[in-house]
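Okay, so here's the structure we're looking at.
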Amino acid sequence: MYQSKGAFARLKKFLLFACVFFLSLGVTVFAVGWLVYHGQNLEAHKLDPHNKSTQFYDDYDNIMQDTKIHRVNVADMPEHVKWAFVCVEDKDFYRHSGLSYNRIIKAAYKNLNARRTREGASTITQQLIKNTHLTHEKTMNRKIREAALALKLEKEFTKDQILEMYLEAIFFGNGINGLQEASRFYYDKTANDLSIRESAGLAGLLRSPARFDPIRNPDNFNERTNLVLKMMYDQQKITREQYEVARVEEIKIHARRPKCDARMYITAATSQAIGILGHRPLSDHRIYTFFDPATQDTIQNVVTSEDYQIKNISGNTADNLVIVANPNGEINALFTNNRLMPTAKRNFASALKPLVVYAPAIELGVVTPDTMILDEPYASGDFHPKNHDGKFRGNVSVRESLAQSYNIPTVKILEYTTIPRAVDVGRRLGLPLDDETLGLGLGATGNGVTSLQLLGGFCALANGGHFTSPSFIKRIENSHGEITWEHTPPYQYAVSPDTAAIVTSMLTDAVKHGTARKMASLNFDIAAKTGTAERQSDTPSSNNTDAINMSYTPERVLLVWNGNADMKPQNDLPQGTTGGGKTTFIARDIMAKTAGDSQAKFTPPPENISAVSTSVDQQMTINLTGRVGETGAPNLTFNTETGKKYEIYRRIDGNESILQVIRPDQSREHLFIDKSAPQKRVIDYWVKSNDVTSNTVKIYTLDNINKDAVPAPRQSKHWFF
């Protein structure tokens, strides 16, 4: 009896605990859901990316292509066009409120049984959100945001409006976005004129545009089209007679691309205009851009040509992006098959090195192009960088390190410059650097950078050190013709003209005999840097996620990128697909067609900087190097000869002074530590001996100089390891 009462009491406690637990869990889930839902911002301009209500003008003040031809209207099109997409993508579209809970449960059950993700549960509403507001990465955070935004979308728009926006946002392969453009490209007709079989064919492309491509894989296309027709019949959206006729219908593929496709340029310009105007409606303004139709036509033809198609490991066309600008940051053309790429944050690998390592080191006087760096096994804590080929080359010059994109010397230069000082210069070049590590030397930033930010940094190098944020828009006028905003060229240096000229000189070597040597056949001045990002993996056969070429002439700056926008492993580039490969060939051809026989020349580097990467000027007898040492004080190192007098000079805010005079009793490397250096100042140092003057070293001191500390003894005659 007592045991029964005890057991009953324990059961009551357990049930009470369970009730409290599940009630608390329910309240927590509800609270989190409420916060997530109300924390998401539905941006209407992204849903209508081509902004049909606003007029855009090109660089010649001509009205750009009539973007109204891209709009589809569900009310005007035949019913079978609408149902082809609904049947194959989301048969419950007109019955759910943004999420299909039945599909979610079904997909979860199948995925659990398979112990991997085999089936998704995204509705048309969710797909629209994913394609316009979010990345394609498979993370729980992204899925939760997607669900919240889908619910909001359903409350603000009708089903037909959502379907219309979806049909304009989806990708149909061959660089084509939107049903209207797909209809024109594949069938040479409008969406309103599509037959049942033609509609089913386009709807079937969405699952895998490359696999079911009617141009390259006609058998797969026809098989997929028949499957969609069967789904339309099974769901009673077409009759038996219509089904039988459509099964045997013969359709002709035209594959006609618009001569000049400005849609993605208009999308990017719209986004910039919204940022400029804030809450003021775009429809009340005219947007004048830097768009050049001839340049757009050129890059489009090169990128979409059969010779330059880059495939991912699944055999589909890899994501791509091309942007052309002039050194003032004025963007003339843009082409991409992924609308998220211009603003997506990525790590562009070695393409960042000139901006975050070499320009800062040159600007601050840490190294010159001829400074020798020891390329050897290197480690800093858990960070073990390796060169791309796993080899070590002993002493290499800074010039060679950049041209050949050696990783270990680059990381050493960053370490010697110090991360805070490198970050400071990188920010002046427009990069949003924050809490960085030595991985920055390999182009790995903490939060990533956008392609437009990367472009802006290279525009500054091409423009003598002047920086401005890249712009699609020349000016904005209101309905009265008054200018409300205008792009202004820059007047303030991000880095000195000498630094820009020196880095440019080194990057021309990357073209002549470095990683961008596939551009060496061009007969005009050109500088370039390639980059390749490898998927982080424990296996030695990792695939690549990014291949990029940044190149510029005195008059033009070009970004060419191929890669994996959504970072799904199946969309990686095959190992061996690098920035110096086909991506550089694309850049070469675009430059050849757009720059022509350019006679413009780069500004030569200063005379006291050797322009030869393989040798050091023998006439210069004093080679000064400098860095911030372990104590925080500037360390100066220079070569001396027996019996000569050497004077060490310092200049701060225009005031010069001699810090030390020495007469060495033997030829050796001399180390001088400036313990009297003020904190957080830019200081110039140089050394004189009779009529010979060394190079000038510029050092930016930190705010933690320990004047009493004793530096660790040097282990080698080399100042850098």
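In the structure tokens, each chain is lettered A, B, ... as it comes, each chain's residues begin at 1, and ligands are numbered from 1 in order of appearance.
The shell of residues at most 7 Å from Asn695 in chain A, with only C-alpha atoms counted and near chain neighbours (fewer than 5 positions) removed, consists of Asn623, Leu624 and Trp686 of chain A.
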Could you please take those selected residues and save N, CA and C atoms as a PDB file, in the first residue's frame?
```pdb
ATOM      1  N   ASN A 623      71.069  49.306 -47.771  1.00  0.00           N
ATOM      2  CA  ASN A 623      69.704  48.800 -47.896  1.00  0.00           C
ATOM      3  C   ASN A 623      69.072  48.767 -46.512  1.00  0.00           C
ATOM      4  N   LEU A 624      68.157  49.702 -46.269  1.00  0.00           N
ATOM      5  CA  LEU A 624      67.535  49.855 -44.955  1.00  0.00           C
ATOM      6  C   LEU A 624      66.191  49.146 -44.915  1.00  0.00           C
ATOM      7  N   TRP A 686      65.978  57.102 -42.565  1.00  0.00           N
ATOM      8  CA  TRP A 686      66.940  56.801 -43.614  1.00  0.00           C
ATOM      9  C   TRP A 686      68.353  56.884 -43.044  1.00  0.00           C
TER      10      TRP A 686
END
```
Inset, instruction - Could you please write out, as a ChimeraX atom specification, every residue of range 247-431 of chain A that DSSP assigns to alpha helix (DSSP H)? - result: /A:247-248,263-277,293-303,353,359-363,398-404,407-417,419-428
Prev. selection, C-alpha atoms, output as a PDB file, in the first residue's frame:
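Result file again14.pdb:
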```pdb
ATOM      1  CA  ARG A 247       3.443  14.265 -75.712  1.00  0.00           C
ATOM      2  CA  VAL A 248       3.993  14.075 -79.476  1.00  0.00           C
ATOM      3  CA  ARG A 263      19.004  43.208 -66.324  1.00  0.00           C
ATOM      4  CA  MET A 264      21.624  42.417 -63.714  1.00  0.00           C
ATOM      5  CA  TYR A 265      23.168  45.872 -64.107  1.00  0.00           C
ATOM      6  CA  ILE A 266      19.754  47.441 -63.504  1.00  0.00           C
ATOM      7  CA  THR A 267      19.235  45.189 -60.469  1.00  0.00           C
ATOM      8  CA  ALA A 268      22.548  46.348 -58.965  1.00  0.00           C
ATOM      9  CA  ALA A 269      21.869  49.998 -59.823  1.00  0.00           C
ATOM     10  CA  THR A 270      18.421  49.730 -58.225  1.00  0.00           C
ATOM     11  CA  SER A 271      19.929  48.432 -54.999  1.00  0.00           C
ATOM     12  CA  GLN A 272      22.432  51.305 -54.934  1.00  0.00           C
ATOM     13  CA  ALA A 273      19.724  53.886 -55.676  1.00  0.00           C
ATOM     14  CA  ILE A 274      17.574  52.617 -52.810  1.00  0.00           C
ATOM     15  CA  GLY A 275      20.553  52.965 -50.476  1.00  0.00           C
ATOM     16  CA  ILE A 276      21.076  56.540 -51.657  1.00  0.00           C
ATOM     17  CA  LEU A 277      17.446  57.697 -51.626  1.00  0.00           C
ATOM     18  CA  PRO A 293      26.100  48.801 -74.056  1.00  0.00           C
ATOM     19  CA  ALA A 294      29.139  47.903 -76.207  1.00  0.00           C
ATOM     20  CA  THR A 295      31.166  46.787 -73.191  1.00  0.00           C
ATOM     21  CA  GLN A 296      28.201  44.826 -71.834  1.00  0.00           C
ATOM     22  CA  ASP A 297      27.744  43.078 -75.161  1.00  0.00           C
ATOM     23  CA  THR A 298      31.445  42.175 -75.255  1.00  0.00           C
ATOM     24  CA  ILE A 299      31.656  40.606 -71.802  1.00  0.00           C
ATOM     25  CA  GLN A 300      28.378  38.773 -72.336  1.00  0.00           C
ATOM     26  CA  ASN A 301      29.619  37.207 -75.583  1.00  0.00           C
ATOM     27  CA  VAL A 302      32.937  36.142 -74.047  1.00  0.00           C
ATOM     28  CA  VAL A 303      31.533  34.692 -70.831  1.00  0.00           C
ATOM     29  CA  LYS A 353      47.118  39.967 -51.156  1.00  0.00           C
ATOM     30  CA  ALA A 359      50.281  47.717 -50.359  1.00  0.00           C
ATOM     31  CA  PRO A 360      50.394  48.165 -46.548  1.00  0.00           C
ATOM     32  CA  ALA A 361      53.970  46.848 -46.329  1.00  0.00           C
ATOM     33  CA  ILE A 362      55.150  49.147 -49.150  1.00  0.00           C
ATOM     34  CA  GLU A 363      53.156  52.123 -47.847  1.00  0.00           C
ATOM     35  CA  VAL A 398      59.065  40.565 -52.386  1.00  0.00           C
ATOM     36  CA  ARG A 399      58.455  41.161 -56.087  1.00  0.00           C
ATOM     37  CA  GLU A 400      58.719  37.465 -56.916  1.00  0.00           C
ATOM     38  CA  SER A 401      56.582  36.509 -53.919  1.00  0.00           C
ATOM     39  CA  LEU A 402      53.680  38.602 -55.202  1.00  0.00           C
ATOM     40  CA  ALA A 403      54.065  37.658 -58.871  1.00  0.00           C
ATOM     41  CA  GLN A 404      54.166  33.925 -58.062  1.00  0.00           C
ATOM     42  CA  ASN A 407      51.997  32.086 -49.349  1.00  0.00           C
ATOM     43  CA  ILE A 408      54.722  31.765 -46.716  1.00  0.00           C
ATOM     44  CA  PRO A 409      56.659  34.930 -47.677  1.00  0.00           C
ATOM     45  CA  THR A 410      53.342  36.808 -47.862  1.00  0.00           C
ATOM     46  CA  VAL A 411      52.338  35.746 -44.348  1.00  0.00           C
ATOM     47  CA  LYS A 412      55.769  36.763 -43.077  1.00  0.00           C
ATOM     48  CA  ILE A 413      55.424  40.216 -44.620  1.00  0.00           C
ATOM     49  CA  LEU A 414      52.022  40.583 -42.937  1.00  0.00           C
ATOM     50  CA  GLU A 415      53.464  39.491 -39.591  1.00  0.00           C
ATOM     51  CA  TYR A 416      56.298  41.977 -39.960  1.00  0.00           C
ATOM     52  CA  THR A 417      53.932  44.796 -40.938  1.00  0.00           C
ATOM     53  CA  ILE A 419      47.967  43.007 -38.518  1.00  0.00           C
ATOM     54  CA  PRO A 420      46.626  46.294 -37.023  1.00  0.00           C
ATOM     55  CA  ARG A 421      48.695  48.399 -39.421  1.00  0.00           C
ATOM     56  CA  ALA A 422      47.819  46.237 -42.425  1.00  0.00           C
ATOM     57  CA  VAL A 423      44.133  46.394 -41.486  1.00  0.00           C
ATOM     58  CA  ASP A 424      44.326  50.183 -41.255  1.00  0.00           C
ATOM     59  CA  VAL A 425      45.617  50.480 -44.828  1.00  0.00           C
ATOM     60  CA  GLY A 426      43.165  47.831 -46.053  1.00  0.00           C
ATOM     61  CA  ARG A 427      40.273  49.820 -44.629  1.00  0.00           C
ATOM     62  CA  ARG A 428      41.474  52.923 -46.461  1.00  0.00           C
TER      63      ARG A 428
END
```
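Separating CA of Thr336 in chain A from CA of Gly178 in chain A is a distance of 13.7 Å.
Of the listed residues A:Ala318, A:Ala527, A:Leu99, A:Ala344, the one whose atoms come nearest to Lys512 in chain A is A:Ala527, with distances taken using only C-alpha atoms.
Near Ala460 in chain A, within 10 Å and counting only C-alpha atoms, sit Pro327, Asn328, Gly329, Leu355, Arg428, Leu429, Gly430, Leu455, Gly456, Gly464, Gly465, His466, Phe467, Thr468, Ser469, Pro490, Tyr493, Ala494, Val495, Pro497, Ala500 and Val557 of chain A; same-chain residues fewer than 4 positions away were not included.
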Would you export the selected residues with N, CA and C atoms as an mmCIF file, in the first residue's frame, please?
```
data_model
loop_
_atom_site.group_PDB
_atom_site.id
_atom_site.type_symbol
_atom_site.label_atom_id
_atom_site.label_comp_id
_atom_site.auth_asym_id
_atom_site.auth_seq_id
_atom_site.Cartn_x
_atom_site.Cartn_y
_atom_site.Cartn_z
ATOM 1 N N PRO A 327 39.146 53.416 -63.477
ATOM 2 C CA PRO A 327 39.822 53.615 -62.192
ATOM 3 C C PRO A 327 39.110 54.532 -61.214
ATOM 4 N N ASN A 328 38.211 55.383 -61.700
ATOM 5 C CA ASN A 328 37.433 56.232 -60.793
ATOM 6 C C ASN A 328 36.294 55.493 -60.119
ATOM 7 N N GLY A 329 36.169 54.187 -60.393
ATOM 8 C CA GLY A 329 35.118 53.396 -59.769
ATOM 9 C C GLY A 329 33.804 53.413 -60.517
ATOM 10 N N LEU A 355 46.182 44.111 -51.662
ATOM 11 C CA LEU A 355 45.489 45.141 -50.893
ATOM 12 C C LEU A 355 45.731 45.037 -49.398
ATOM 13 N N ARG A 428 41.401 51.736 -45.605
ATOM 14 C CA ARG A 428 41.474 52.923 -46.461
ATOM 15 C C ARG A 428 41.240 52.555 -47.921
ATOM 16 N N LEU A 429 41.500 51.290 -48.275
ATOM 17 C CA LEU A 429 41.257 50.811 -49.629
ATOM 18 C C LEU A 429 39.839 50.250 -49.794
ATOM 19 N N GLY A 430 39.002 50.463 -48.772
ATOM 20 C CA GLY A 430 37.584 50.123 -48.901
ATOM 21 C C GLY A 430 37.196 48.749 -48.414
ATOM 22 N N LEU A 455 36.796 45.161 -55.998
ATOM 23 C CA LEU A 455 36.962 45.995 -57.182
ATOM 24 C C LEU A 455 37.423 47.395 -56.801
ATOM 25 N N GLY A 456 36.833 47.960 -55.743
ATOM 26 C CA GLY A 456 37.202 49.306 -55.310
ATOM 27 C C GLY A 456 38.657 49.413 -54.912
ATOM 28 N N GLY A 464 46.299 55.675 -59.001
ATOM 29 C CA GLY A 464 47.357 56.388 -58.304
ATOM 30 C C GLY A 464 47.176 56.490 -56.812
ATOM 31 N N GLY A 465 46.389 55.571 -56.217
ATOM 32 C CA GLY A 465 46.188 55.580 -54.771
ATOM 33 C C GLY A 465 44.902 56.230 -54.329
ATOM 34 N N HIS A 466 44.172 56.889 -55.249
ATOM 35 C CA HIS A 466 42.874 57.489 -54.919
ATOM 36 C C HIS A 466 41.823 56.396 -54.779
ATOM 37 N N PHE A 467 41.010 56.494 -53.744
ATOM 38 C CA PHE A 467 39.943 55.507 -53.553
ATOM 39 C C PHE A 467 38.576 56.173 -53.614
ATOM 40 N N THR A 468 37.631 55.480 -54.245
ATOM 41 C CA THR A 468 36.223 55.834 -54.163
ATOM 42 C C THR A 468 35.414 54.549 -54.229
ATOM 43 N N SER A 469 34.275 54.531 -53.591
ATOM 44 C CA SER A 469 33.427 53.344 -53.662
ATOM 45 C C SER A 469 32.913 53.185 -55.091
ATOM 46 N N PRO A 490 37.254 60.694 -56.544
ATOM 47 C CA PRO A 490 37.960 60.887 -55.274
ATOM 48 C C PRO A 490 39.088 61.911 -55.365
ATOM 49 N N TYR A 493 43.947 60.426 -50.977
ATOM 50 C CA TYR A 493 44.712 59.200 -51.189
ATOM 51 C C TYR A 493 44.384 58.144 -50.138
ATOM 52 N N ALA A 494 44.233 56.893 -50.604
ATOM 53 C CA ALA A 494 44.168 55.760 -49.686
ATOM 54 C C ALA A 494 45.578 55.273 -49.403
ATOM 55 N N VAL A 495 46.397 55.238 -50.456
ATOM 56 C CA VAL A 495 47.834 54.997 -50.336
ATOM 57 C C VAL A 495 48.525 56.019 -51.218
ATOM 58 N N PRO A 497 50.851 57.787 -54.150
ATOM 59 C CA PRO A 497 51.069 57.450 -55.564
ATOM 60 C C PRO A 497 52.265 56.529 -55.763
ATOM 61 N N ALA A 500 51.146 52.971 -54.953
ATOM 62 C CA ALA A 500 50.315 52.446 -56.038
ATOM 63 C C ALA A 500 51.171 52.068 -57.238
ATOM 64 N N VAL A 557 39.473 48.625 -65.205
ATOM 65 C CA VAL A 557 39.636 47.647 -64.131
ATOM 66 C C VAL A 557 38.613 46.538 -64.370
#
```
